[in-house]
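A.B. asks: This is the content of work_13.tsv (TSV, C-alpha atoms and all ligand atoms):
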chain	number	residue	atom	x	y	z
A	1	MET	CA	0.00	0.00	0.00
A	2	LYS	CA	1.40	3.35	-1.02
A	3	GLU	CA	1.86	5.82	1.78
A	4	ASP	CA	-0.33	8.89	1.86
A	5	PHE	CA	1.40	11.95	0.38
A	6	TYR	CA	0.31	14.16	3.28
A	7	ASN	CA	1.75	11.65	5.75
A	8	ILE	CA	5.02	11.51	3.85
A	9	LEU	CA	5.47	15.24	4.16
A	10	GLY	CA	3.99	15.30	7.66
A	11	VAL	CA	1.30	17.87	6.93
A	12	SER	CA	-2.45	17.87	7.36
A	13	LYS	CA	-4.88	17.69	4.44
A	14	GLY	CA	-5.73	21.34	4.85
A	15	ALA	CA	-2.10	22.49	4.63
A	16	SER	CA	-1.44	25.62	2.59
A	17	ALA	CA	0.94	25.72	-0.37
A	18	SER	CA	3.62	27.38	1.71
A	19	GLU	CA	3.24	24.84	4.51
A	20	ILE	CA	3.65	22.04	1.98
A	21	LYS	CA	6.72	23.69	0.54
A	22	LYS	CA	8.23	24.19	3.98
A	23	ALA	CA	7.53	20.59	4.95
A	24	TYR	CA	9.14	19.35	1.77
A	25	ARG	CA	12.25	21.44	2.35
A	26	LYS	CA	12.61	19.87	5.76
A	27	LYS	CA	12.29	16.33	4.43
A	28	ALA	CA	14.57	17.03	1.50
A	29	ILE	CA	17.28	18.30	3.79
A	30	GLU	CA	16.84	15.47	6.27
A	31	PHE	CA	17.08	12.74	3.66
A	32	HIS	CA	19.38	14.42	1.14
A	33	PRO	CA	21.77	11.81	-0.30
A	34	ASP	CA	24.79	14.00	0.36
A	35	LYS	CA	23.89	13.96	4.01
A	36	ASN	CA	23.19	10.25	4.08
A	37	PRO	CA	25.79	8.68	1.82
A	38	GLY	CA	25.08	5.03	1.07
A	39	ASP	CA	21.86	4.99	3.07
A	40	SER	CA	19.29	3.47	0.75
A	41	LYS	CA	16.43	3.98	3.21
A	42	ALA	CA	17.14	7.69	3.31
A	43	GLU	CA	17.31	7.78	-0.46
A	44	GLU	CA	13.93	6.05	-0.65
A	45	LYS	CA	12.42	8.60	1.74
A	46	PHE	CA	14.04	11.39	-0.21
A	47	LYS	CA	12.39	10.14	-3.40
A	48	GLN	CA	9.02	9.65	-1.71
A	49	ALA	CA	9.09	13.20	-0.40
A	50	ALA	CA	9.91	14.53	-3.86
A	51	GLU	CA	7.09	12.51	-5.38
A	52	ALA	CA	4.64	13.75	-2.77
A	53	TYR	CA	5.74	17.32	-3.26
A	54	GLU	CA	5.52	17.01	-7.05
A	55	VAL	CA	1.82	16.23	-6.67
A	56	LEU	CA	0.85	18.40	-3.72
A	57	SER	CA	2.63	21.50	-5.07
A	58	ASN	CA	0.59	21.38	-8.26
A	59	ALA	CA	-2.97	22.62	-7.77
A	60	ASP	CA	-4.31	20.43	-10.54
A	61	LYS	CA	-2.62	17.25	-9.41
A	62	LYS	CA	-3.41	17.99	-5.79
A	63	ALA	CA	-7.13	18.32	-6.55
A	64	LYS	CA	-7.08	14.98	-8.35
A	65	TYR	CA	-5.18	13.37	-5.51
A	66	ASP	CA	-7.59	14.76	-2.93
A	67	ARG	CA	-10.52	13.23	-4.80
A	68	PHE	CA	-9.14	9.91	-5.95
A	69	GLY	CA	-6.01	9.28	-3.89
A	70	HIS	CA	-3.17	7.38	-5.52
A	71	GLN	CA	-5.58	5.90	-8.05
A	72	ALA	CA	-5.68	9.29	-9.71
A	73	PHE	CA	-2.19	8.68	-11.06
A	74	GLU	CA	-2.30	4.97	-11.72
A	75	GLY	CA	-2.17	4.15	-15.37
A	76	GLY	CA	-3.68	1.13	-17.10
A	77	GLY	CA	-3.01	-1.96	-15.06
A	78	GLY	CA	-1.99	0.05	-12.08
A	79	SER	CA	1.59	-0.12	-13.22
A	80	GLY	CA	2.72	2.72	-11.07
A	81	PHE	CA	2.88	6.40	-10.74
A	82	GLY	CA	1.62	8.27	-13.77
A	83	GLY	CA	3.94	10.87	-15.11
A	84	PHE	CA	7.00	9.35	-13.51
A	85	GLY	CA	7.17	6.31	-15.71
A	86	GLY	CA	6.28	3.84	-13.04
A	87	GLY	CA	9.63	3.79	-11.32
A	88	GLY	CA	9.16	6.88	-9.20
A	89	MET	CA	11.11	10.04	-9.90
A	90	ASN	CA	14.72	9.79	-10.82
A	91	MET	CA	17.34	11.85	-9.05
A	92	ASP	CA	17.80	14.26	-11.92
A	93	ASP	CA	14.11	15.13	-11.82
A	94	ILE	CA	14.36	15.73	-8.13
A	95	PHE	CA	17.43	17.90	-8.33
A	96	SER	CA	15.95	19.93	-11.14
A	97	GLN	CA	12.96	20.55	-8.89
A	98	PHE	CA	15.25	22.13	-6.32
A	99	GLY	CA	15.66	25.22	-8.41
A	100	ASP	CA	12.31	26.59	-7.26
A	101	ILE	CA	12.51	25.23	-3.74
A	102	PHE	CA	15.90	26.51	-2.75
A	103	GLY	CA	16.25	29.39	-5.16
A	104	GLY	CA	19.14	27.89	-7.09
A	105	GLY	CA	22.60	27.16	-5.83
A	106	GLY	CA	23.14	25.28	-2.64
A	107	PHE	CA	22.45	21.77	-3.72
A	108	GLY	CA	24.50	20.01	-6.26
A	109	GLY	CA	23.99	16.50	-7.41
A	110	PHE	CA	25.69	13.72	-5.58
A	111	GLY	CA	29.18	14.40	-4.36
A	112	GLY	CA	31.44	12.67	-6.82
A	113	GLY	CA	30.98	10.28	-9.66
A	114	ARG	CA	28.86	12.83	-11.50
A	115	ARG	CA	31.48	14.95	-13.15
A	116	ALA	CA	30.61	15.63	-16.75
A	117	GLN	CA	33.57	15.75	-19.09
A	118	THR	CA	34.45	19.37	-19.69
A	119	LYS	CA	33.73	20.66	-23.16
A	120	GLY	CA	35.39	23.53	-24.95
A	121	SER	CA	33.24	26.49	-25.92
A	122	ASN	CA	31.43	26.67	-29.26
A	123	LEU	CA	32.59	28.99	-32.01
A	124	ARG	CA	30.22	30.82	-34.29
A	125	ILE	CA	30.91	31.99	-37.82
A	126	ARG	CA	28.83	33.27	-40.71
A	127	VAL	CA	29.26	31.96	-44.22
A	128	LYS	CA	28.11	33.99	-47.21
A	129	LEU	CA	26.87	31.91	-50.11
A	130	THR	CA	25.84	32.80	-53.60
A	131	LEU	CA	22.58	31.44	-54.95
A	132	GLU	CA	24.60	29.20	-57.27
A	133	GLU	CA	26.49	27.74	-54.30
A	134	ILE	CA	23.24	27.18	-52.45
A	135	ALA	CA	21.67	25.49	-55.46
A	136	ASN	CA	24.52	23.07	-56.00
A	137	GLY	CA	25.92	22.59	-52.51
A	138	VAL	CA	29.49	23.64	-51.82
A	139	GLU	CA	32.48	22.81	-49.71
A	140	LYS	CA	33.93	25.91	-48.08
A	141	LYS	CA	37.36	26.14	-46.58
A	142	ILE	CA	37.23	28.71	-43.82
A	143	LYS	CA	39.94	30.00	-41.54
A	144	VAL	CA	38.80	29.65	-37.96
A	145	LYS	CA	40.52	30.99	-34.86
A	146	ARG	CA	40.26	28.30	-32.24
A	147	LYS	CA	41.88	27.62	-28.91
A	148	LYS	CA	43.86	24.42	-28.78
A	149	VAL	CA	45.98	22.71	-26.17
A	150	ALA	CA	49.55	23.80	-26.96
A	151	LYS	CA	52.01	21.16	-28.12
A	152	GLY	CA	54.09	20.14	-25.12
A	153	THR	CA	51.38	20.85	-22.55
A	154	THR	CA	50.81	17.97	-20.16
A	155	TYR	CA	48.26	17.69	-17.41
A	156	LYS	CA	48.19	15.85	-14.11
A	157	THR	CA	45.43	14.85	-11.74
A	158	CYS	CA	44.26	17.80	-9.66
A	159	GLY	CA	45.53	17.51	-6.11
A	160	THR	CA	42.66	19.51	-4.62
A	161	CYS	CA	39.83	17.28	-5.81
A	162	ASN	CA	41.86	14.16	-6.67
A	163	GLY	CA	40.54	14.28	-10.20
A	164	SER	CA	36.85	14.25	-9.37
A	165	GLY	CA	36.42	17.88	-10.42
A	166	GLN	CA	34.17	18.46	-7.40
A	167	VAL	CA	34.85	19.53	-3.88
A	168	THR	CA	32.49	18.80	-1.04
A	169	ARG	CA	32.17	21.32	1.67
A	170	ILE	CA	30.06	22.05	4.68
A	171	GLN	CA	28.15	25.26	4.25
A	172	ASN	CA	26.12	27.18	6.75
A	173	THR	CA	22.87	28.16	5.07
A	174	ILE	CA	19.60	29.51	6.33
A	175	LEU	CA	18.43	25.94	6.23
A	176	GLY	CA	21.20	24.80	8.56
A	177	ARG	CA	24.51	23.11	7.93
A	178	MET	CA	24.54	21.57	4.50
A	179	GLN	CA	27.03	19.39	2.78
A	180	THR	CA	27.29	20.61	-0.77
A	181	SER	CA	29.45	19.82	-3.74
A	182	ALA	CA	30.74	22.45	-6.08
A	183	PRO	CA	33.13	22.46	-9.02
A	184	CYS	CA	36.76	22.47	-7.88
A	185	ASN	CA	38.35	25.91	-8.11
A	186	SER	CA	41.87	24.66	-8.69
A	187	CYS	CA	40.99	22.87	-11.91
A	188	SER	CA	37.66	24.55	-12.85
A	189	GLY	CA	35.97	21.18	-12.55
A	190	SER	CA	38.10	19.41	-15.14
A	191	GLY	CA	39.89	17.26	-12.53
A	192	GLN	CA	43.26	18.08	-14.04
A	193	THR	CA	45.84	20.78	-13.62
A	194	ILE	CA	48.86	21.85	-15.67
A	195	ASP	CA	51.94	19.67	-15.35
A	196	LYS	CA	54.13	21.24	-18.02
A	197	LYS	CA	53.43	23.82	-20.67
A	198	PRO	CA	55.42	25.72	-23.28
A	199	SER	CA	56.17	29.37	-22.48
A	200	ASN	CA	53.89	30.74	-25.22
A	201	ALA	CA	50.80	28.97	-23.89
A	202	ASP	CA	48.34	30.66	-21.53
A	203	VAL	CA	47.85	29.62	-17.89
A	204	HIS	CA	45.68	26.70	-18.98
A	205	GLY	CA	48.26	25.48	-21.49
A	206	MET	CA	46.16	26.73	-24.38
A	207	LEU	CA	47.12	28.59	-27.55
A	208	GLN	CA	45.02	30.65	-29.95
A	209	THR	CA	45.50	29.02	-33.32
A	210	GLU	CA	44.24	29.55	-36.83
A	211	GLU	CA	42.98	26.51	-38.61
A	212	THR	CA	41.40	25.98	-42.00
A	213	VAL	CA	38.20	24.04	-41.54
A	214	SER	CA	36.45	22.41	-44.43
A	215	ILE	CA	32.68	22.81	-44.22
A	216	LYS	CA	30.39	20.79	-46.45
A	217	ILE	CA	27.25	22.78	-47.16
A	218	PRO	CA	24.38	20.75	-48.59
A	219	ALA	CA	22.30	22.09	-51.47
A	220	GLY	CA	19.15	24.00	-50.55
A	221	VAL	CA	20.22	25.66	-47.30
A	222	LEU	CA	18.25	28.70	-46.21
A	223	GLU	CA	19.30	32.09	-44.92
A	224	GLY	CA	19.67	31.94	-41.13
A	225	MET	CA	20.07	28.17	-41.00
A	226	GLN	CA	22.77	26.93	-38.66
A	227	LEU	CA	25.04	24.00	-39.42
A	228	LYS	CA	27.13	22.30	-36.79
A	229	VAL	CA	30.65	21.03	-37.37
A	230	SER	CA	31.25	18.82	-34.36
A	231	GLY	CA	34.54	19.17	-32.53
A	232	LYS	CA	35.78	22.22	-34.43
A	233	GLY	CA	35.11	24.74	-31.68
A	234	ASN	CA	37.57	25.57	-28.92
A	235	GLU	CA	39.41	22.83	-27.14
A	236	ALA	CA	39.38	22.84	-23.36
A	237	PRO	CA	42.27	22.04	-21.04
A	238	GLY	CA	42.92	18.56	-19.71
A	239	ASN	CA	41.00	15.45	-20.56
A	240	SER	CA	38.16	17.21	-22.35
A	241	ILE	CA	36.31	17.33	-25.61
A	242	SER	CA	36.28	20.17	-28.11
A	243	GLY	CA	33.34	22.50	-28.58
A	244	ASP	CA	31.51	22.74	-31.88
A	245	LEU	CA	31.74	25.14	-34.76
A	246	LEU	CA	28.34	26.65	-35.52
A	247	VAL	CA	28.00	27.95	-39.04
A	248	ALA	CA	25.23	30.44	-39.80
A	249	ILE	CA	24.17	30.63	-43.44
A	250	GLU	CA	23.89	34.00	-45.14
A	251	GLU	CA	22.52	34.24	-48.65
A	252	LEU	CA	24.02	36.83	-50.98
A	253	PRO	CA	21.56	38.64	-53.22
A	254	HIS	CA	21.60	37.60	-56.87
A	255	ALA	CA	21.73	40.13	-59.69
A	256	THR	CA	18.71	38.84	-61.58
A	257	LEU	CA	17.10	36.04	-59.56
A	258	GLN	CA	14.98	36.32	-56.42
A	259	ARG	CA	14.53	33.31	-54.18
A	260	GLU	CA	11.22	32.37	-52.60
A	261	GLY	CA	11.60	29.07	-50.76
A	262	ASP	CA	12.79	26.62	-53.37
A	263	ASN	CA	11.39	28.64	-56.28
A	264	LEU	CA	13.21	31.38	-58.10
A	265	HIS	CA	11.71	34.41	-59.78
A	266	HIS	CA	13.03	36.45	-62.64
A	267	ASP	CA	11.52	39.64	-63.99
A	268	LEU	CA	11.96	39.75	-67.74
A	269	TYR	CA	11.35	43.03	-69.56
A	270	ILE	CA	10.64	42.81	-73.26
A	271	SER	CA	9.87	45.51	-75.77
A	272	PHE	CA	6.45	46.10	-77.23
A	273	SER	CA	7.58	44.86	-80.63
A	274	ASP	CA	9.13	41.67	-79.12
A	275	ALA	CA	5.81	41.03	-77.40
A	276	VAL	CA	3.95	41.52	-80.64
A	277	LEU	CA	6.28	39.52	-82.86
A	278	GLY	CA	7.68	36.94	-80.41
A	279	THR	CA	11.38	36.53	-79.64
A	280	SER	CA	13.88	34.53	-77.65
A	281	LYS	CA	15.82	35.78	-74.61
A	282	GLU	CA	18.77	34.56	-72.62
A	283	ILE	CA	18.26	34.50	-68.85
A	284	ASP	CA	20.31	33.49	-65.83
A	285	THR	CA	19.68	30.28	-63.98
A	286	VAL	CA	21.65	28.91	-61.05
A	287	ASN	CA	23.40	26.62	-63.52
A	288	GLY	CA	24.32	29.09	-66.23
A	289	LYS	CA	22.31	30.89	-68.89
A	290	VAL	CA	19.45	29.41	-70.83
A	291	ARG	CA	17.61	30.73	-73.84
A	292	ILE	CA	13.85	30.86	-73.61
A	293	LYS	CA	11.31	31.34	-76.36
A	294	ILE	CA	8.71	34.08	-76.06
A	295	GLU	CA	5.62	33.33	-78.15
A	296	GLN	CA	4.27	36.09	-80.36
A	297	GLY	CA	1.41	38.00	-78.79
A	298	VAL	CA	2.60	37.38	-75.24
A	299	GLN	CA	0.78	39.45	-72.59
A	300	SER	CA	2.40	41.43	-69.86
A	301	GLY	CA	2.04	39.54	-66.58
A	302	LYS	CA	2.41	36.10	-68.12
A	303	ILE	CA	4.53	33.71	-66.10
A	304	LEU	CA	6.70	31.10	-67.79
A	305	ARG	CA	7.55	28.20	-65.53
A	306	LEU	CA	10.90	26.46	-66.03
A	307	ARG	CA	10.47	23.22	-64.11
A	308	ASN	CA	13.20	22.09	-61.73
A	309	LYS	CA	15.33	25.12	-62.49
A	310	GLY	CA	14.93	26.40	-58.94
A	311	ILE	CA	16.70	25.37	-55.74
A	312	PRO	CA	16.83	21.73	-54.63
A	313	SER	CA	14.87	21.11	-51.46
A	314	ILE	CA	17.06	20.69	-48.39
A	315	ASN	CA	14.74	17.81	-47.45
A	316	ASN	CA	15.20	16.05	-50.78
A	317	TYR	CA	11.69	16.81	-52.04
A	318	GLY	CA	12.98	17.56	-55.51
A	319	SER	CA	13.72	21.02	-56.86
A	320	GLY	CA	11.76	24.21	-57.14
A	321	ASP	CA	10.98	25.98	-60.41
A	322	LEU	CA	12.22	29.13	-62.05
A	323	LEU	CA	9.31	31.48	-62.75
A	324	VAL	CA	9.89	34.04	-65.45
A	325	HIS	CA	7.55	37.03	-65.17
A	326	ILE	CA	6.99	38.75	-68.49
A	327	ASN	CA	6.80	42.52	-68.41
A	328	VAL	CA	6.07	44.30	-71.65
A	329	TRP	CA	7.81	47.60	-71.75
A	330	THR	CA	5.39	50.09	-73.26
A	331	PRO	CA	7.22	52.96	-74.97
A	332	LYS	CA	6.65	56.30	-73.22
A	333	THR	CA	7.59	58.52	-76.11
A	334	LEU	CA	7.03	57.91	-79.80
A	335	ASN	CA	8.23	59.78	-82.85
A	336	LYS	CA	5.79	60.87	-85.50
A	337	GLU	CA	6.34	57.81	-87.69
A	338	GLN	CA	5.76	55.41	-84.78
A	339	LYS	CA	2.67	57.30	-83.76
A	340	GLU	CA	1.25	56.95	-87.27
A	341	PHE	CA	2.05	53.24	-87.25
A	342	PHE	CA	0.18	52.57	-84.00
A	343	LYS	CA	-2.75	54.73	-85.05
A	344	LYS	CA	-3.14	52.70	-88.24
A	345	ASN	CA	-2.45	49.20	-86.93
A	346	VAL	CA	-3.58	48.74	-83.36
B	1	ZN	ZN	40.31	19.97	-8.95
Starting from the file, give its structure as structure tokens.
Ligand SMILES: [Zn+2]
C.D. replies:
Amino acid sequence: MKEDFYNILGVSKGASASEIKKAYRKKAIEFHPDKNPGDSKAEEKFKQAAEAYEVLSNADKKAKYDRFGHQAFEGGGGSGFGGFGGGGMNMDDIFSQFGDIFGGGGFGGFGGGRRAQTKGSNLRIRVKLTLEEIANGVEKKIKVKRKKVAKGTTYKTCGTCNGSGQVTRIQNTILGRMQTSAPCNSCSGSGQTIDKKPSNADVHGMLQTEETVSIKIPAGVLEGMQLKVSGKGNEAPGNSISGDLLVAIEELPHATLQREGDNLHHDLYISFSDAVLGTSKEIDTVNGKVRIKIEQGVQSGKILRLRNKGIPSINNYGSGDLLVHINVWTPKTLNKEQKEFFKKNV
């Protein structure tokens, strides 16, 4: 039989939101794993309290619980606690909940064994592409300034944290004496400090370098899109992984073509006589010039569609079209002879 949530927190059914919060704080501190290392009973109680608080701190869930009890959250077959995947809350859920309970800071995760590998920072660059490059895909070689571990730099295990990257300390807080873990100051949480480094490297054994990075840009990218080149950002000291290079796409305007999604538009101006008699015109496409035929008697505003002459879809849905908009240029001034001609013939 599952224990009553109000009992777990030690509050009455009529408890206010702030009383519930206060009660949970107390339980969380009492049974916090950092305070009770290796005590599985305490951990169980810690999880129960978190589960109870998760429900009772949420007006909606609380109302359901008050009406139906634990059944309110039992899924088909009664396989456990709805919303927590049956197995109760995991520790990450619980620690993420602490943000609003303790106002950030204070609690860490468990002391030790939790150190994430440090990662270098990401670098951001912009790449300007012509419409032709976008249409066909392109490989760009770009010089990138990135921090790398200098040749000759060696690291050793940090003596302050013994390589764990975390230090545990007793802190006096308004909630009482708390054991907390924080990233180690001596090694910035990496668990390693400098052993040897060349004289030109910085205090972390790093050097600012310039490297040519080859970036494959697929056909059909859009302005503002961001591509990621993994591992080509800054390196970080010690046993770490490199950050990423984030490439923002910028599209250069084209002299005669306008892009709209995967379609391209071209405004073609033809003379009145070309419209009357028909003609052929050479226009730009993203793969060189093509000659198109204009039928005699074409009207201004007609659109000629050149299939698949647009931009290939980034999602491989084929290519867009090139739409040629016909504009008949009506002469603004006519000489006497021309005037006579139009008066007689139109
Ligand atoms: Zn350290």
A.B. asks: What does the distance from atom CA of A:Arg146 to atom CA of A:Lys232 come to in Å, to one decimal?
C.D. replies: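 According to the coordinates, atom CA of A:Arg146 and atom CA of A:Lys232 are separated by 7.9 Å.
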A.B. asks: List the spatial neighbours of A:Glu44 as a PDB file with C-alpha atoms, in the frame of the given file - criterion: any atom at most 10 Å away, all atoms listed in the file, same-chain residues fewer than 4 positions off excluded.
C.D. replies:
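Once everything was written out, this is result-v1.pdb:
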ATOM      1  CA  PHE A  31      17.080  12.740   3.660  1.00  0.00           C
ATOM      2  CA  PRO A  33      21.770  11.810  -0.300  1.00  0.00           C
ATOM      3  CA  ASP A  39      21.860   4.990   3.070  1.00  0.00           C
ATOM      4  CA  SER A  40      19.290   3.470   0.750  1.00  0.00           C
ATOM      5  CA  GLN A  48       9.020   9.650  -1.710  1.00  0.00           C
ATOM      6  CA  ALA A  49       9.090  13.200  -0.400  1.00  0.00           C
ATOM      7  CA  ALA A  50       9.910  14.530  -3.860  1.00  0.00           C
ATOM      8  CA  GLY A  88       9.160   6.880  -9.200  1.00  0.00           C
TER       9      GLY A  88
END
A.B. asks: Could you give me, as a tab-separated table, a per-residue list for chain A showing, wherever an atom lies at most 7 Å from an atom of ligand ZN 1 (chain B), the closest pair of atoms and their distance in Å to one decimal, using only C-alpha atoms and all ligand atoms and sorting by chain then residue number from low to high?
C.D. replies:
residue	atom	partner	partner_atom	distance
A:Cys158	CA	B:ZN1	ZN	4.6
A:Gly159	CA	B:ZN1	ZN	6.4
A:Thr160	CA	B:ZN1	ZN	4.9
A:Cys161	CA	B:ZN1	ZN	4.2
A:Asn162	CA	B:ZN1	ZN	6.4
A:Gly163	CA	B:ZN1	ZN	5.8
A:Ser164	CA	B:ZN1	ZN	6.7
A:Gly165	CA	B:ZN1	ZN	4.7
A:Gln166	CA	B:ZN1	ZN	6.5
A:Cys184	CA	B:ZN1	ZN	4.5
A:Asn185	CA	B:ZN1	ZN	6.3
A:Ser186	CA	B:ZN1	ZN	4.9
A:Cys187	CA	B:ZN1	ZN	4.2
A:Ser188	CA	B:ZN1	ZN	6.6
A:Gly189	CA	B:ZN1	ZN	5.8
A:Ser190	CA	B:ZN1	ZN	6.6
A:Gly191	CA	B:ZN1	ZN	4.5
A:Gln192	CA	B:ZN1	ZN	6.2
A.B. asks: Pick the closest to A:Ala135 from A:Ala182, A:Leu268, A:Ile20, A:Val286: which is it, counting all atoms listed in the file?
C.D. replies: A:Val286
A.B. asks: Mind listing whatever residues come within 10 Å of the point (24.7, 39.9, -46.5)? Use all atoms listed in the file, file coordinates, and give them as a list of chain:residue names.
C.D. replies: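 All residues meeting the 10 Å criterion around (24.7, 39.9, -46.5) are A:Arg126, A:Val127, A:Lys128, A:Leu129, A:Glu223, A:Ile249, A:Glu250, A:Glu251, A:Leu252, A:Pro253.
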A.B. asks: Which neighbours of stretch 233-242 of chain A fall inside 10 Å, counting all atoms listed in the file, when residues of the same chain fewer than 2 positions from it are skipped, and could you give them as number ranges by chain?
C.D. replies: A: 116-124, 144-150, 153-157, 187-188, 190-194, 203-209, 228-231, 244-246
A.B. asks: Output the selection as a PDB file, keeping the file's coordinate frame - C-alpha atoms for each residue.
C.D. replies:
ATOM      1  CA  ALA A 116      30.610  15.630 -16.750  1.00  0.00           C
ATOM      2  CA  GLN A 117      33.570  15.750 -19.090  1.00  0.00           C
ATOM      3  CA  THR A 118      34.450  19.370 -19.690  1.00  0.00           C
ATOM      4  CA  LYS A 119      33.730  20.660 -23.160  1.00  0.00           C
ATOM      5  CA  GLY A 120      35.390  23.530 -24.950  1.00  0.00           C
ATOM      6  CA  SER A 121      33.240  26.490 -25.920  1.00  0.00           C
ATOM      7  CA  ASN A 122      31.430  26.670 -29.260  1.00  0.00           C
ATOM      8  CA  LEU A 123      32.590  28.990 -32.010  1.00  0.00           C
ATOM      9  CA  ARG A 124      30.220  30.820 -34.290  1.00  0.00           C
ATOM     10  CA  VAL A 144      38.800  29.650 -37.960  1.00  0.00           C
ATOM     11  CA  LYS A 145      40.520  30.990 -34.860  1.00  0.00           C
ATOM     12  CA  ARG A 146      40.260  28.300 -32.240  1.00  0.00           C
ATOM     13  CA  LYS A 147      41.880  27.620 -28.910  1.00  0.00           C
ATOM     14  CA  LYS A 148      43.860  24.420 -28.780  1.00  0.00           C
ATOM     15  CA  VAL A 149      45.980  22.710 -26.170  1.00  0.00           C
ATOM     16  CA  ALA A 150      49.550  23.800 -26.960  1.00  0.00           C
ATOM     17  CA  THR A 153      51.380  20.850 -22.550  1.00  0.00           C
ATOM     18  CA  THR A 154      50.810  17.970 -20.160  1.00  0.00           C
ATOM     19  CA  TYR A 155      48.260  17.690 -17.410  1.00  0.00           C
ATOM     20  CA  LYS A 156      48.190  15.850 -14.110  1.00  0.00           C
ATOM     21  CA  THR A 157      45.430  14.850 -11.740  1.00  0.00           C
ATOM     22  CA  CYS A 187      40.990  22.870 -11.910  1.00  0.00           C
ATOM     23  CA  SER A 188      37.660  24.550 -12.850  1.00  0.00           C
ATOM     24  CA  SER A 190      38.100  19.410 -15.140  1.00  0.00           C
ATOM     25  CA  GLY A 191      39.890  17.260 -12.530  1.00  0.00           C
ATOM     26  CA  GLN A 192      43.260  18.080 -14.040  1.00  0.00           C
ATOM     27  CA  THR A 193      45.840  20.780 -13.620  1.00  0.00           C
ATOM     28  CA  ILE A 194      48.860  21.850 -15.670  1.00  0.00           C
ATOM     29  CA  VAL A 203      47.850  29.620 -17.890  1.00  0.00           C
ATOM     30  CA  HIS A 204      45.680  26.700 -18.980  1.00  0.00           C
ATOM     31  CA  GLY A 205      48.260  25.480 -21.490  1.00  0.00           C
ATOM     32  CA  MET A 206      46.160  26.730 -24.380  1.00  0.00           C
ATOM     33  CA  LEU A 207      47.120  28.590 -27.550  1.00  0.00           C
ATOM     34  CA  GLN A 208      45.020  30.650 -29.950  1.00  0.00           C
ATOM     35  CA  THR A 209      45.500  29.020 -33.320  1.00  0.00           C
ATOM     36  CA  LYS A 228      27.130  22.300 -36.790  1.00  0.00           C
ATOM     37  CA  VAL A 229      30.650  21.030 -37.370  1.00  0.00           C
ATOM     38  CA  SER A 230      31.250  18.820 -34.360  1.00  0.00           C
ATOM     39  CA  GLY A 231      34.540  19.170 -32.530  1.00  0.00           C
ATOM     40  CA  ASP A 244      31.510  22.740 -31.880  1.00  0.00           C
ATOM     41  CA  LEU A 245      31.740  25.140 -34.760  1.00  0.00           C
ATOM     42  CA  LEU A 246      28.340  26.650 -35.520  1.00  0.00           C
TER      43      LEU A 246
END
A.B. asks: So what do you get for atom CA of A:Val298 versus atom CA of A:Gly278, distance-wise?
C.D. replies: 7.3 Å
